[in-house]
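Q: Mind having a look at this structure? Questions to follow.
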Amino acid sequence: MATAFSSDGEAALRRQLGPAAAAAPRGDLDGFYEMGRAAAFVRGGGFRKVALQFPDELLADAAAVAARMEAATGAAMYVLGDTTYGSCCVDEVAAEHAGAEAVLHYGPACLSPCGKLPVLHIFGQQPLDVGRCAEAFRELYPDRQSRVVVLSDVVYAHAMGELEQQLCPEYPNIVFSRVVCGNPPDPAPSGEVRQFGRQFPVEAPGGLQDCAMFYVGAEGLALTSFMLTWNCCPFSSFDPITGCGRRETLNVNRALMRRLYLVERARDARVVGILVGTLGVVGYLAVLQHLRELLRRAGKRSYTLAVGKPNPAKLANFLEVDIFVLVACAQNSLLDSSNFYRPVVTPYELELACNPAREWTGNYLTDFRDLLPGACAHIELPPAIPAAEAVPDISLITGEMRAAHLCDPLAPKLPPSTTLACRDQTRALTEISPAASFLESRSWRGLEQRLGQTPVSKAVQGRRGIAIAYEDEGHK
């Protein structure tokens with residue numbers, strides 16, 4: 001999970017590119033990228049500028065796909081080569097920079113609903129050996145009366161109909177999930193689960209906990225998110241690349257213990273950094289405001305940080321922050337922070353730490369929209385109690401006593417500072433906060449433009465090679 005937003009860069013340094021690899025489109029572009037459906041979407045919407053978003057592994061086909069789409073629709077196509085955040089999310093920010101009226105999102109997707117631009121998801125129809133998958137399912141579930149919900153990675157959704165035809169006559173209690181793009185206007189009816197862009201009915205007498213889960217796809221963030229959320233269900237999977245089925249041995253309880261340890265770290269934290277990990281998922285502004293109010297009521301200071309794709313080097317610049325909370329899509333929220341200087345938690349884990357009315361029930365939430373007012377899992381903050389009546393709370397990590405009461409929401413908010421300073425030659429006045437003053441006093445504040453202070457010089461050839469072994473350094 002550490003590669004959701006960052007990596008050590010070793011793969012990029014060792015990668016070898018050549019002319020053949022850079023311009024080698026797939027043999028069946030029309031089928032793989034569903035050119036007909038994409039062109040109908042563009043023509044039907046009357047769009048004149050369209051953004052094409054590709055993940056890194058499909059960028060080699062971007063030029064060919066864009067050329068064919070322009071010839072088929074007459075619209076201008078803009079290829080988004082680098083995403084602002086995770087590639088599974090629709091990058092509305094980059095699309096708006098190009099003035100695009102719609103987005104065609106290619107490759108794996110988290111299916112988080114977007115609120116600004118029309119979006120069409122083209123997952124890419126990866127090949128699946130349906131016969132081998134059905135055989136692996138029969139080996140894993142020899143009992144024909146087993147209650148199993150079949151989930152799949154979106155790139156194999158096109159083959160689920162054929163798999164259903166093979167297994168349904170033998171397994172009367174099998175249920176296949178359906179991929180749902182966008183944000184359905186109506187809530188899910190009773191007895192039906194609608195989550196992570198999947199929708200399926202639950203017909204077991206005991207509900208979802210009486211069902212097993214069979215996942216078609218490789219191991220990754222999607223499967224991890226499913227297993228943590230539906231941790232009461234046993235999981236099995238079939239990897240189409242290797243052709244092997246297996247019972248998932250991920251120790252969900254151990255993973256949950258790690259997450260609950262982070263909850264305790266969040267309770268101890270005094271300064272919290274709110275990381276903006278998405279600008280396209282519906283409700284991200286509402287949850288930012290919700291987290292700020294939650295932290296204020298808990299007596300903690302908060303700072304909102306927009307750093308793009310978080311990595312250990314970026315977050316290490318904020319030494320004053322005790323813990324970070326990442327507001328991102330359901331898949332990228334579970335960021336493995338073992339390599340980070342400070343832990344990174346999810347909005348749900350911060351709620352467990354700061355909302356006394358929310359208790360751990362065994363159900364894990366990765367979608368931050370479930371926490372907002374009106375959602376299925378929203379819990380109001382309890383009334384504030386005087387500090388003298390608060391029950392003492394002892395940290396399980398440091399052994400120190402910490403505050404256990406909420407601040408009064410009606411208490412007047414003190415301004416951060418009353419200091420006024422001249423901002424420019426127009427004698428405009430600005431207010432300086434203590435946080436800004438502290439950051440200004442640092443000896444190192446990041447890259448500085450120094451406009452007009454650096455002399456202009458001709459470009460010269462720099463060092464060649466990689467940082468660990470430049471060509472002029474020699475080798476021992």
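Each chain in the structure tokens gets a letter, A, B and so on, in the order shown; residues start at 1 in every chain, and ligands are counted from 1 in the order they appear.
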Determine, counting only C-alpha atoms, which protein, DNA and RNA residues have an atom within 7 Å of an atom of region 35-39 of chain A; residues of the same chain fewer than 4 positions away are not included. Present the result as a ChimeraX atom specification.

A: /A:30-31,43,69,72-73

Q: Residues of the last selection are to be written out with all heavy atoms, as a PDB file, in the first residue's frame.

A:
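This went into out-v2.pdb:
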```
ATOM      1  N   ASP A  30      -9.642  -0.350 -30.859  1.00  0.00           N
ATOM      2  CA  ASP A  30     -11.085  -0.089 -30.844  1.00  0.00           C
ATOM      3  C   ASP A  30     -11.791  -0.914 -29.788  1.00  0.00           C
ATOM      4  O   ASP A  30     -12.690  -0.412 -29.101  1.00  0.00           O
ATOM      5  CB  ASP A  30     -11.683  -0.380 -32.223  1.00  0.00           C
ATOM      6  CG  ASP A  30     -11.188   0.591 -33.282  1.00  0.00           C
ATOM      7  OD1 ASP A  30     -10.741   1.685 -32.892  1.00  0.00           O
ATOM      8  OD2 ASP A  30     -11.233   0.256 -34.478  1.00  0.00           O
ATOM      9  N   GLY A  31     -11.388  -2.170 -29.636  1.00  0.00           N
ATOM     10  CA  GLY A  31     -12.044  -3.024 -28.650  1.00  0.00           C
ATOM     11  C   GLY A  31     -11.581  -2.742 -27.240  1.00  0.00           C
ATOM     12  O   GLY A  31     -12.395  -2.646 -26.318  1.00  0.00           O
ATOM     13  N   ARG A  43     -20.016  12.792 -28.827  1.00  0.00           N
ATOM     14  CA  ARG A  43     -20.971  13.386 -29.773  1.00  0.00           C
ATOM     15  C   ARG A  43     -22.319  13.651 -29.103  1.00  0.00           C
ATOM     16  O   ARG A  43     -22.956  14.681 -29.344  1.00  0.00           O
ATOM     17  CB  ARG A  43     -21.157  12.468 -30.977  1.00  0.00           C
ATOM     18  CG  ARG A  43     -19.944  12.383 -31.902  1.00  0.00           C
ATOM     19  CD  ARG A  43     -20.313  11.738 -33.217  1.00  0.00           C
ATOM     20  NE  ARG A  43     -20.745  10.355 -33.002  1.00  0.00           N
ATOM     21  CZ  ARG A  43     -19.969   9.288 -33.136  1.00  0.00           C
ATOM     22  NH1 ARG A  43     -18.695   9.459 -33.480  1.00  0.00           N
ATOM     23  NH2 ARG A  43     -20.428   8.066 -32.929  1.00  0.00           N
ATOM     24  N   MET A  69      -9.874   9.396 -31.718  1.00  0.00           N
ATOM     25  CA  MET A  69     -11.038  10.055 -31.144  1.00  0.00           C
ATOM     26  C   MET A  69     -11.303  11.399 -31.828  1.00  0.00           C
ATOM     27  O   MET A  69     -12.456  11.770 -32.067  1.00  0.00           O
ATOM     28  CB  MET A  69     -10.827  10.259 -29.653  1.00  0.00           C
ATOM     29  CG  MET A  69     -10.943   8.991 -28.815  1.00  0.00           C
ATOM     30  SD  MET A  69     -12.606   8.287 -28.885  1.00  0.00           S
ATOM     31  CE  MET A  69     -13.560   9.614 -28.168  1.00  0.00           C
ATOM     32  N   ALA A  72     -12.929  10.687 -35.133  1.00  0.00           N
ATOM     33  CA  ALA A  72     -14.292  10.155 -35.028  1.00  0.00           C
ATOM     34  C   ALA A  72     -15.294  11.177 -34.535  1.00  0.00           C
ATOM     35  O   ALA A  72     -16.486  11.081 -34.840  1.00  0.00           O
ATOM     36  CB  ALA A  72     -14.307   8.933 -34.103  1.00  0.00           C
ATOM     37  N   THR A  73     -14.832  12.174 -33.769  1.00  0.00           N
ATOM     38  CA  THR A  73     -15.766  13.116 -33.148  1.00  0.00           C
ATOM     39  C   THR A  73     -15.604  14.553 -33.620  1.00  0.00           C
ATOM     40  O   THR A  73     -16.541  15.342 -33.491  1.00  0.00           O
ATOM     41  CB  THR A  73     -15.599  13.091 -31.620  1.00  0.00           C
ATOM     42  OG1 THR A  73     -14.280  13.541 -31.265  1.00  0.00           O
ATOM     43  CG2 THR A  73     -15.807  11.680 -31.071  1.00  0.00           C
TER      44      THR A  73
END
```

Q: Using only C-alpha atoms, tabulate the residues of region 51-133 of chain A lying at most 12 Å from any atom of region 151-170 of chain A, each with its closest atom pair and that distance in Å to one decimal, by chain and increasing residue number, as JSON lines.

A:
```
{"residue": "A:Cys88", "atom": "CA", "partner": "A:Val154", "partner_atom": "CA", "distance": 11.0}
{"residue": "A:Tyr106", "atom": "CA", "partner": "A:Val155", "partner_atom": "CA", "distance": 10.0}
{"residue": "A:Gly107", "atom": "CA", "partner": "A:Val155", "partner_atom": "CA", "distance": 7.2}
{"residue": "A:Pro108", "atom": "CA", "partner": "A:Val154", "partner_atom": "CA", "distance": 6.2}
{"residue": "A:Ala109", "atom": "CA", "partner": "A:Val154", "partner_atom": "CA", "distance": 7.2}
{"residue": "A:Cys110", "atom": "CA", "partner": "A:Val154", "partner_atom": "CA", "distance": 8.8}
{"residue": "A:Leu111", "atom": "CA", "partner": "A:Val154", "partner_atom": "CA", "distance": 9.3}
{"residue": "A:His121", "atom": "CA", "partner": "A:Val154", "partner_atom": "CA", "distance": 9.8}
{"residue": "A:Ile122", "atom": "CA", "partner": "A:Val155", "partner_atom": "CA", "distance": 8.8}
{"residue": "A:Phe123", "atom": "CA", "partner": "A:Val155", "partner_atom": "CA", "distance": 5.2}
{"residue": "A:Gly124", "atom": "CA", "partner": "A:Val155", "partner_atom": "CA", "distance": 5.6}
{"residue": "A:Gln125", "atom": "CA", "partner": "A:Val155", "partner_atom": "CA", "distance": 5.5}
{"residue": "A:Gln126", "atom": "CA", "partner": "A:Val155", "partner_atom": "CA", "distance": 5.6}
{"residue": "A:Pro127", "atom": "CA", "partner": "A:Tyr156", "partner_atom": "CA", "distance": 7.3}
{"residue": "A:Leu128", "atom": "CA", "partner": "A:Tyr156", "partner_atom": "CA", "distance": 6.8}
{"residue": "A:Asp129", "atom": "CA", "partner": "A:Ala159", "partner_atom": "CA", "distance": 9.0}
{"residue": "A:Val130", "atom": "CA", "partner": "A:Leu163", "partner_atom": "CA", "distance": 5.9}
{"residue": "A:Gly131", "atom": "CA", "partner": "A:Leu163", "partner_atom": "CA", "distance": 7.9}
{"residue": "A:Arg132", "atom": "CA", "partner": "A:Leu163", "partner_atom": "CA", "distance": 10.0}
{"residue": "A:Cys133", "atom": "CA", "partner": "A:Leu163", "partner_atom": "CA", "distance": 7.9}
```

Q: Atoms to include: C-alpha atoms. Write the selected residues as a short mmCIF file (atom, residue, chain, number, x, y, z; two decimals), in the first residue's frame.

A:
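The resulting result.cif:
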```cif
data_model
loop_
_atom_site.label_atom_id
_atom_site.label_comp_id
_atom_site.auth_asym_id
_atom_site.auth_seq_id
_atom_site.Cartn_x
_atom_site.Cartn_y
_atom_site.Cartn_z
CA CYS A 88 -7.67 6.00 -10.04
CA TYR A 106 -9.04 5.14 -18.90
CA GLY A 107 -7.80 2.23 -16.83
CA PRO A 108 -8.54 1.14 -13.24
CA ALA A 109 -10.79 3.50 -11.31
CA CYS A 110 -12.02 3.92 -7.75
CA LEU A 111 -15.42 5.04 -9.15
CA HIS A 121 -15.00 5.46 -17.50
CA ILE A 122 -13.24 3.20 -20.00
CA PHE A 123 -11.68 0.50 -17.87
CA GLY A 124 -9.87 -1.38 -20.63
CA GLN A 125 -11.01 -4.92 -21.27
CA GLN A 126 -8.20 -7.04 -19.89
CA PRO A 127 -8.36 -10.69 -20.96
CA LEU A 128 -9.79 -13.25 -18.53
CA ASP A 129 -9.74 -17.04 -18.84
CA VAL A 130 -13.34 -17.55 -17.75
CA GLY A 131 -13.07 -21.33 -17.81
CA ARG A 132 -10.04 -21.38 -15.52
CA CYS A 133 -11.68 -18.82 -13.22
#
```

Q: Give me, as a short mmCIF file (atom, residue, chain, number, x, y, z; two decimals) with N, CA, C and O atoms, in the first residue's frame, the residues of region 79-172 of chain A that a backbone DSSP run labels helix (DSSP H, G or I).

A:
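selection-v3.cif written:
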```
data_model
loop_
_atom_site.label_atom_id
_atom_site.label_comp_id
_atom_site.auth_asym_id
_atom_site.auth_seq_id
_atom_site.Cartn_x
_atom_site.Cartn_y
_atom_site.Cartn_z
N GLU A 92 -10.05 16.28 -12.23
CA GLU A 92 -10.80 17.43 -12.73
C GLU A 92 -9.96 18.70 -12.74
O GLU A 92 -10.20 19.60 -13.55
N VAL A 93 -8.98 18.79 -11.86
CA VAL A 93 -8.12 19.98 -11.80
C VAL A 93 -7.33 20.13 -13.10
O VAL A 93 -7.34 21.19 -13.74
N ALA A 94 -6.65 19.07 -13.52
CA ALA A 94 -5.88 19.12 -14.76
C ALA A 94 -6.79 19.31 -15.97
O ALA A 94 -6.43 19.99 -16.93
N ALA A 95 -7.98 18.71 -15.93
CA ALA A 95 -8.92 18.87 -17.04
C ALA A 95 -9.39 20.31 -17.17
O ALA A 95 -9.52 20.84 -18.28
N GLU A 96 -9.63 20.97 -16.05
CA GLU A 96 -10.07 22.37 -16.09
C GLU A 96 -8.94 23.29 -16.56
O GLU A 96 -9.20 24.33 -17.16
N HIS A 97 -7.70 22.92 -16.29
CA HIS A 97 -6.58 23.72 -16.80
C HIS A 97 -6.57 23.73 -18.32
O HIS A 97 -6.15 24.73 -18.93
N VAL A 130 -12.13 -17.31 -18.53
CA VAL A 130 -13.34 -17.55 -17.75
C VAL A 130 -13.42 -19.01 -17.31
O VAL A 130 -13.83 -19.32 -16.18
N GLY A 131 -13.03 -19.92 -18.17
CA GLY A 131 -13.07 -21.33 -17.81
C GLY A 131 -12.17 -21.66 -16.63
O GLY A 131 -12.57 -22.39 -15.72
N ARG A 132 -10.96 -21.13 -16.64
CA ARG A 132 -10.04 -21.38 -15.52
C ARG A 132 -10.54 -20.70 -14.26
O ARG A 132 -10.40 -21.24 -13.16
N CYS A 133 -11.14 -19.52 -14.39
CA CYS A 133 -11.68 -18.82 -13.22
C CYS A 133 -12.82 -19.63 -12.61
O CYS A 133 -12.91 -19.77 -11.38
N ALA A 134 -13.70 -20.17 -13.44
CA ALA A 134 -14.80 -20.99 -12.92
C ALA A 134 -14.28 -22.26 -12.25
O ALA A 134 -14.81 -22.69 -11.21
N GLU A 135 -13.24 -22.83 -12.82
CA GLU A 135 -12.65 -24.04 -12.22
C GLU A 135 -12.06 -23.72 -10.84
O GLU A 135 -12.21 -24.49 -9.89
N ALA A 136 -11.37 -22.57 -10.74
CA ALA A 136 -10.80 -22.18 -9.45
C ALA A 136 -11.90 -21.91 -8.43
O ALA A 136 -11.77 -22.23 -7.24
N PHE A 137 -13.02 -21.35 -8.86
CA PHE A 137 -14.14 -21.11 -7.96
C PHE A 137 -14.69 -22.43 -7.42
O PHE A 137 -14.99 -22.56 -6.22
N ARG A 138 -14.82 -23.44 -8.29
CA ARG A 138 -15.35 -24.74 -7.84
C ARG A 138 -14.40 -25.40 -6.85
O ARG A 138 -14.84 -26.08 -5.91
N GLU A 139 -13.09 -25.20 -7.03
CA GLU A 139 -12.13 -25.78 -6.10
C GLU A 139 -12.20 -25.10 -4.73
O GLU A 139 -12.07 -25.76 -3.69
N LEU A 140 -12.42 -23.79 -4.73
CA LEU A 140 -12.48 -23.05 -3.47
C LEU A 140 -13.80 -23.24 -2.74
O LEU A 140 -13.86 -23.17 -1.52
N VAL A 154 -12.33 -3.64 -11.93
CA VAL A 154 -13.14 -3.06 -13.01
C VAL A 154 -12.65 -3.47 -14.39
O VAL A 154 -13.43 -3.51 -15.34
N VAL A 155 -11.36 -3.82 -14.53
CA VAL A 155 -10.84 -4.17 -15.85
C VAL A 155 -11.31 -5.55 -16.29
O VAL A 155 -11.14 -5.92 -17.46
N TYR A 156 -11.93 -6.33 -15.38
CA TYR A 156 -12.47 -7.64 -15.73
C TYR A 156 -14.00 -7.66 -15.65
O TYR A 156 -14.60 -8.73 -15.77
N ALA A 157 -14.62 -6.50 -15.48
CA ALA A 157 -16.07 -6.46 -15.35
C ALA A 157 -16.76 -6.92 -16.62
O ALA A 157 -17.88 -7.46 -16.57
N HIS A 158 -16.12 -6.75 -17.76
CA HIS A 158 -16.74 -7.13 -19.03
C HIS A 158 -16.95 -8.64 -19.15
O HIS A 158 -17.82 -9.08 -19.92
N ALA A 159 -16.19 -9.44 -18.41
CA ALA A 159 -16.28 -10.90 -18.51
C ALA A 159 -17.15 -11.52 -17.43
O ALA A 159 -17.29 -12.75 -17.39
N MET A 160 -17.72 -10.73 -16.53
CA MET A 160 -18.50 -11.29 -15.43
C MET A 160 -19.82 -11.92 -15.91
O MET A 160 -20.32 -12.84 -15.29
N GLY A 161 -20.37 -11.41 -17.01
CA GLY A 161 -21.58 -12.02 -17.53
C GLY A 161 -21.37 -13.46 -17.98
O GLY A 161 -22.18 -14.34 -17.70
N GLU A 162 -20.25 -13.72 -18.65
CA GLU A 162 -19.94 -15.08 -19.08
C GLU A 162 -19.65 -15.99 -17.90
O GLU A 162 -20.07 -17.16 -17.88
N LEU A 163 -18.95 -15.45 -16.89
CA LEU A 163 -18.68 -16.26 -15.69
C LEU A 163 -19.99 -16.56 -14.96
O LEU A 163 -20.16 -17.67 -14.43
N GLU A 164 -20.90 -15.63 -14.94
CA GLU A 164 -22.20 -15.85 -14.29
C GLU A 164 -22.98 -16.95 -14.98
O GLU A 164 -23.63 -17.79 -14.33
N GLN A 165 -22.92 -17.01 -16.29
CA GLN A 165 -23.62 -18.06 -17.03
C GLN A 165 -23.08 -19.44 -16.71
O GLN A 165 -23.83 -20.43 -16.70
N GLN A 166 -21.78 -19.53 -16.41
CA GLN A 166 -21.19 -20.83 -16.10
C GLN A 166 -21.47 -21.29 -14.67
O GLN A 166 -21.63 -22.48 -14.42
N LEU A 167 -21.53 -20.35 -13.72
CA LEU A 167 -21.61 -20.74 -12.31
C LEU A 167 -23.03 -20.74 -11.75
O LEU A 167 -23.32 -21.51 -10.83
#
```

Q: Counting only C-alpha atoms, which residue out of A:Thr242, A:Ser190, A:Thr346, A:Ser237 sits closest to Glu203 (chain A)?

A: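 Between A:Thr242, A:Ser190, A:Thr346, A:Ser237, the residue approaching Glu203 (chain A) most closely is A:Ser190.
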
Q: Which is closer to Arg297 (chain A) than all the others in A:Glu471, A:Asp82, A:Glu351, A:Asp210, using only C-alpha atoms?

A: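 Smallest separation from Arg297 (chain A) among the options: A:Glu351.
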
Q: Check the smallest atom-to-atom distance from each of A:His378, A:Val456, A:Ala62, A:Tyr85 to Asn311 (chain A) using only C-alpha atoms, then report the winner.

A: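 Result for the nearest residue to Asn311 (chain A): A:Tyr85.
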
Q: Restricting the calculation to only C-alpha atoms: of A:Leu104, A:Ala98, A:Val307, A:Ala51, which residue gets closest to Leu326 (chain A)?

A: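 Of A:Leu104, A:Ala98, A:Val307, A:Ala51, the one nearest Leu326 (chain A), counting only C-alpha atoms, is A:Val307.
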
Q: Quick one, how far is CA of Lys309 (chain A) from CA of Glu349 (chain A)?

A: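 For CA of Lys309 (chain A) relative to CA of Glu349 (chain A), the distance reads 20.5 Å.
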
Q: Pick the closest to Ala269 (chain A) from A:Leu350, A:Leu117, A:Cys232, A:Ala467: which is it, counting only C-alpha atoms?

A: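 Smallest separation from Ala269 (chain A) among the options: A:Leu350.
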
Q: Excluding Cys376 (chain A) and its own-chain neighbours fewer than 3 positions away, which residues fall within 12 Å of it when counting only C-alpha atoms? Please give them as an mmCIF file with N, CA and C atoms, in the first residue's frame.

A:
```
data_model
loop_
_atom_site.group_PDB
_atom_site.id
_atom_site.type_symbol
_atom_site.label_atom_id
_atom_site.label_comp_id
_atom_site.auth_asym_id
_atom_site.auth_seq_id
_atom_site.Cartn_x
_atom_site.Cartn_y
_atom_site.Cartn_z
ATOM 1 N N PRO A 187 -31.016 6.438 -2.757
ATOM 2 C CA PRO A 187 -30.264 5.545 -1.865
ATOM 3 C C PRO A 187 -30.527 4.088 -2.211
ATOM 4 N N ALA A 188 -29.621 3.234 -1.782
ATOM 5 C CA ALA A 188 -29.771 1.807 -2.055
ATOM 6 C C ALA A 188 -30.986 1.260 -1.323
ATOM 7 N N ARG A 194 -24.499 -1.032 -1.695
ATOM 8 C CA ARG A 194 -23.984 -0.155 -2.746
ATOM 9 C C ARG A 194 -22.782 0.570 -2.178
ATOM 10 N N GLN A 195 -21.592 0.116 -2.557
ATOM 11 C CA GLN A 195 -20.357 0.651 -1.989
ATOM 12 C C GLN A 195 -19.212 0.403 -2.947
ATOM 13 N N LEU A 365 -14.710 1.962 7.991
ATOM 14 C CA LEU A 365 -15.194 2.829 6.923
ATOM 15 C C LEU A 365 -14.008 3.476 6.221
ATOM 16 N N ASP A 367 -14.693 5.262 3.122
ATOM 17 C CA ASP A 367 -15.279 6.339 2.330
ATOM 18 C C ASP A 367 -15.647 7.486 3.264
ATOM 19 N N PHE A 368 -14.997 8.635 3.117
ATOM 20 C CA PHE A 368 -15.239 9.740 4.049
ATOM 21 C C PHE A 368 -16.649 10.298 3.932
ATOM 22 N N ARG A 369 -17.338 10.052 2.829
ATOM 23 C CA ARG A 369 -18.700 10.571 2.681
ATOM 24 C C ARG A 369 -19.669 9.927 3.666
ATOM 25 N N ASP A 370 -19.324 8.744 4.172
ATOM 26 C CA ASP A 370 -20.196 8.079 5.150
ATOM 27 C C ASP A 370 -20.224 8.821 6.485
ATOM 28 N N LEU A 371 -19.270 9.718 6.713
ATOM 29 C CA LEU A 371 -19.190 10.427 7.991
ATOM 30 C C LEU A 371 -19.953 11.746 7.990
ATOM 31 N N LEU A 372 -20.367 12.218 6.824
ATOM 32 C CA LEU A 372 -20.987 13.533 6.725
ATOM 33 C C LEU A 372 -22.426 13.510 7.230
ATOM 34 N N PRO A 373 -22.957 14.656 7.644
ATOM 35 C CA PRO A 373 -24.361 14.710 8.084
ATOM 36 C C PRO A 373 -25.308 14.221 6.997
ATOM 37 N N ILE A 379 -22.471 10.445 13.034
ATOM 38 C CA ILE A 379 -22.792 10.498 14.466
ATOM 39 C C ILE A 379 -22.499 11.910 14.958
#
```

Q: I need the residue nearest Leu208 (chain A) from this list: A:Ala306, A:Ala75, A:Met257, A:Val148. Use only C-alpha atoms for the distance.

A: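 Of the candidates, the smallest distance to Leu208 (chain A) is held by A:Val148.
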
Q: List as a list in words the protein and nucleic acid residues near region 275-289 of chain A, meaning an atom at most 7 Å away when only C-alpha atoms are counted, but skip any in the same chain fewer than 5 places from it.

A: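 Counting only C-alpha atoms, the residues come to Tyr85, Val90, Asp91, Glu92, Ser112, Pro113, Cys114, Gly115, Thr304, Leu305, Ala306, Gly308, Phe324, Val325, Leu326, Val327, Ala328, Cys329, Arg369 and Leu372 of chain A.
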